[in-house]
Structure formats: C-alpha cells, structure tokens
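Undergrad: Shown below is the structure under consideration.
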Amino acid sequence: MIETQGLAFAYPGGAPELCFADLSVPQGATLLLRGNSGSGKSTWLSLVAGLRAPGRGKLTVAGQDLGALTPAQRDGWRARHLGFLPQRLHLSDALTVRDNLGLVYFAAGLAVDTSAMAGALDSLGIQDLQGRRPQELSGGQAQRVALARAVLLAPRVILADEPTASLDDQSAAAALDLLQAAARRCGATLVIATHDRRVEEALPGALVHKIGLQPSPMLRE
Ligand code: ADP
Ligand code: MG
C-alpha cells in the first residue's frame, strides 16, 4: 500500500517545487507511473523510497509514515521493506554477484541467508552467474541481478525506474514478466515508472497514473 497526500519536493538551488497529485495504491496492486522525461517520475520514486524527504506532504508506505522516521531509521526501513530497481543499477563491479546480493543483508542488519540468495537467483534464471562481476554481464543479466537484489528480502513494495528503457522488445517483455512474478511472490505493491508505451501494452491489468505536476498551492493562493 502506498498513500501520498499533498506531496511536494524542491531540488536545492531555487528549482521550482514539484507538487504531486495524491495517490493511493492498494497492497499487491501494480501501478504504472507514466509521464514524459522530466515530469518527476524518478523524484516521486525517490520520495516513496525514503531516499529524499519531501518538502511538504504525507507519505505512508506499507503502513509506515515515512515522516515519522529519522533519516537513519528511513535507511533501515528501506533496506528491510522496500525493493528498488533503479534506472542505473548501482551494482558494485568490485564485488561478485553473490557479494552484491550479500550487501542487502548487511544493510538490513540481518545474517546472510545463502539459500534465500540461491532461490532468488534461481527464480530469475541467473544462478550460474553468482561468481561473476557485474561488468562481465550483459545489460539484461545485470538487470536480473539488480532485480534479485531488490526482491531478496520479500519487500512489501517494489519500485522500478524505467526498467525497459534500454531493452529490446523481447528482453523488455521478459523483464516485465519477472518483475510481476517477483511482486506476486512477495505480495508486494509494484510501481513501474516509465515513458515506454510497450509497458502499458504488456500490463493491461495495471493501474495507470499519468504524473502531472500540480500547480504549487503557494502559487494558487
Ligand atoms: P523523470 O524521472 O520523469 O524524467 P525527474 O524526477 O528525474 O523526472 O525530474 C523532474 C524534474 O526535476 C526535472 O525538471 C529535472 O530536471 C529535475 N531534477 C531531477 N533531478 C534533479 C537534481 N538532482 N537536481 C536538480 N533538479 C533535478
Ligand atoms: Mg526518471
């Protein structure tokens, strides 16, 4: 479940405030967050992930009021309850695939669960890549590793930022299937931010929200 009320954020340096329409996404639903480049999709995801704190507004994610947490508590909460598939995957080339996944447990303060790791890799068909480093993987393989990392702790919410952007039709369809299957396994709410029309065609059952920035209430008054 994700609920936003009066959410607004301004990047530092005098950029205009981005004001987001209120949204309520039921637990287990899939939402496509649509909108042109620059419309605020990635910013919205970063707020819901607790990576940035909103300037104004209230944000409840999987039952947690994010505004009630300190930045350190937000980091812990994110590590434990939220799976994020960023557009740039942020895998460490210094570590093997296995150790990239191991970092998830480290960040969440949990003991490494090697059988859960094997299961996540297996379900994505990449179990034989465990010993490789991310720079030795194709784009699609690296994305699967990042997805395995995102869903390792069975998060309540999975956020994916433009997951099909650099993929051909077949890989894009496969990536969307894997994302949906992973979300279903966890019972997670899934949000896919995209300006790729193929995504809407591939997921006819998904809720769709076209991100349209609201006029700032400050300007309206
Ligand atoms: P989208 O993901 O839909 O392409 P973004 O959320 O990345 O949109 O961007 C929304 C707006 O915020 C754009 O005008 C963009 O230029 C601006 N923006 C994004 N990231 C930053 C940043 N780190 N610093 C300043 N402005 C930013
Ligand atoms: Mg973006």
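Chain labels run A, B, ... following the order of the structure tokens; each chain numbers its residues from 1, and ligands are numbered from 1 in the order shown.
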So that I can check the surroundings of region 80-85 of chain A, please list as a ChimeraX atom specification every protein, DNA and RNA residue that reaches within 9 Å of it, counting only C-alpha atoms and ignoring chain neighbours fewer than 3 positions away.

TA: /A:45,49,62,75-77,88-89,104-105,107-109,143,146-147,149-163

Undergrad: Go ahead and save the picked residues with N, CA, C and O atoms, as a compact mmCIF listing (two decimals), in the first residue's frame.

TA:
# COMPACT_ATOMS: atom_id res chain seq x y z
N LEU A 45 9.58 8.44 -7.11
CA LEU A 45 10.07 7.15 -6.60
C LEU A 45 11.05 7.37 -5.45
O LEU A 45 11.02 6.65 -4.45
N ALA A 49 10.64 5.89 -1.78
CA ALA A 49 11.69 5.00 -1.26
C ALA A 49 12.36 5.58 -0.02
O ALA A 49 13.19 4.92 0.60
N ALA A 62 3.53 0.94 2.89
CA ALA A 62 3.41 -0.34 3.60
C ALA A 62 3.15 -0.10 5.10
O ALA A 62 3.77 -0.73 5.95
N ASP A 75 16.64 4.76 6.36
CA ASP A 75 17.58 3.86 5.67
C ASP A 75 17.35 2.41 6.08
O ASP A 75 17.33 1.51 5.25
N GLY A 76 17.16 2.20 7.38
CA GLY A 76 16.91 0.85 7.88
C GLY A 76 15.59 0.29 7.38
O GLY A 76 15.50 -0.87 6.97
N TRP A 77 14.58 1.15 7.40
CA TRP A 77 13.26 0.73 6.91
C TRP A 77 13.34 0.35 5.43
O TRP A 77 12.81 -0.69 5.02
N ARG A 88 19.81 3.36 -13.24
CA ARG A 88 21.22 2.92 -13.22
C ARG A 88 21.32 1.94 -12.08
O ARG A 88 20.97 2.26 -10.95
N LEU A 89 21.81 0.74 -12.36
CA LEU A 89 21.58 -0.37 -11.45
C LEU A 89 22.34 -0.28 -10.13
O LEU A 89 21.96 -0.86 -9.14
N VAL A 104 22.76 -6.73 0.74
CA VAL A 104 21.38 -6.49 1.14
C VAL A 104 21.20 -6.85 2.61
O VAL A 104 20.57 -6.11 3.38
N TYR A 105 21.77 -7.99 3.00
CA TYR A 105 21.63 -8.43 4.39
C TYR A 105 22.40 -7.51 5.32
O TYR A 105 21.94 -7.17 6.40
N ALA A 107 23.03 -4.33 4.87
CA ALA A 107 22.31 -3.06 5.03
C ALA A 107 21.10 -3.21 5.95
O ALA A 107 20.73 -2.28 6.66
N ALA A 108 20.50 -4.41 5.94
CA ALA A 108 19.29 -4.61 6.76
C ALA A 108 19.63 -5.13 8.15
O ALA A 108 18.73 -5.32 8.97
N GLY A 109 20.92 -5.33 8.43
CA GLY A 109 21.32 -5.82 9.75
C GLY A 109 20.91 -7.26 9.99
O GLY A 109 20.64 -7.66 11.12
N GLN A 143 20.54 -6.51 -15.07
CA GLN A 143 19.25 -6.06 -14.56
C GLN A 143 18.59 -7.16 -13.71
O GLN A 143 17.96 -6.88 -12.69
N ALA A 146 20.12 -7.07 -10.38
CA ALA A 146 19.58 -5.96 -9.59
C ALA A 146 18.16 -6.27 -9.12
O ALA A 146 17.77 -5.87 -8.01
N LEU A 147 17.41 -7.01 -9.93
CA LEU A 147 16.06 -7.39 -9.52
C LEU A 147 16.12 -8.42 -8.39
O LEU A 147 15.36 -8.33 -7.41
N ARG A 149 18.43 -8.64 -6.23
CA ARG A 149 18.80 -7.86 -5.05
C ARG A 149 17.57 -7.15 -4.48
O ARG A 149 17.36 -7.11 -3.26
N ALA A 150 16.73 -6.60 -5.38
CA ALA A 150 15.57 -5.82 -4.92
C ALA A 150 14.55 -6.69 -4.19
O ALA A 150 13.85 -6.20 -3.30
N VAL A 151 14.44 -7.96 -4.57
CA VAL A 151 13.34 -8.78 -4.01
C VAL A 151 13.82 -9.79 -2.98
O VAL A 151 13.02 -10.55 -2.44
N LEU A 152 15.11 -9.75 -2.67
CA LEU A 152 15.71 -10.77 -1.80
C LEU A 152 15.01 -10.89 -0.45
O LEU A 152 14.82 -11.98 0.07
N LEU A 153 14.63 -9.76 0.14
CA LEU A 153 14.02 -9.80 1.48
C LEU A 153 12.50 -9.76 1.41
O LEU A 153 11.85 -9.38 2.39
N ALA A 154 11.93 -10.17 0.26
CA ALA A 154 10.47 -10.19 0.10
C ALA A 154 9.84 -8.87 0.55
O ALA A 154 9.05 -8.83 1.49
N PRO A 155 10.20 -7.77 -0.15
CA PRO A 155 9.72 -6.45 0.29
C PRO A 155 8.21 -6.30 0.09
O PRO A 155 7.60 -7.02 -0.70
N ARG A 156 7.63 -5.35 0.82
CA ARG A 156 6.20 -5.06 0.68
C ARG A 156 5.94 -4.18 -0.54
O ARG A 156 4.82 -4.12 -1.04
N VAL A 157 6.97 -3.46 -0.95
CA VAL A 157 6.83 -2.53 -2.08
C VAL A 157 8.05 -2.68 -2.98
O VAL A 157 9.18 -2.75 -2.48
N ILE A 158 7.79 -2.76 -4.29
CA ILE A 158 8.89 -2.82 -5.26
C ILE A 158 8.73 -1.63 -6.20
O ILE A 158 7.65 -1.41 -6.76
N LEU A 159 9.80 -0.84 -6.34
CA LEU A 159 9.78 0.31 -7.23
C LEU A 159 10.78 0.07 -8.35
O LEU A 159 11.93 -0.31 -8.08
N ALA A 160 10.35 0.26 -9.59
CA ALA A 160 11.25 0.06 -10.73
C ALA A 160 11.24 1.32 -11.59
O ALA A 160 10.19 1.80 -11.98
N ASP A 161 12.43 1.85 -11.84
CA ASP A 161 12.55 3.10 -12.60
C ASP A 161 12.97 2.79 -14.03
O ASP A 161 14.11 2.37 -14.27
N GLU A 162 12.07 2.97 -14.96
CA GLU A 162 12.33 2.76 -16.39
C GLU A 162 13.00 1.41 -16.66
O GLU A 162 14.06 1.35 -17.30
N PRO A 163 12.39 0.31 -16.21
CA PRO A 163 13.07 -0.98 -16.31
C PRO A 163 13.23 -1.50 -17.73
O PRO A 163 14.01 -2.43 -17.94

Undergrad: Within 7 Å of ligand 2 (counting only C-alpha atoms and all ligand atoms), which residues show up? I'd like them as a PyMOL selection string.

TA: chain A and resi 37-38+40-42+161-162

Undergrad: Please run DSSP on the backbone and report, as a list in words, all residues within region 155-204 of chain A that come out as strand (DSSP E or B).

TA: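 Written out, the strand (DSSP E or B) residues of region 155-204 of chain A are Val157, Ile158, Leu159, Ala160, Asp161, Thr189, Leu190, Val191, Ile192, Ala193 and Thr194 of chain A.
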
Undergrad: From the DSSP assignment of the backbone, select every residue of region 36-129 of chain A that is alpha helix (DSSP H), and format the answer as a ChimeraX atom specification.

TA: /A:41-48,71-81,97-108,114-123
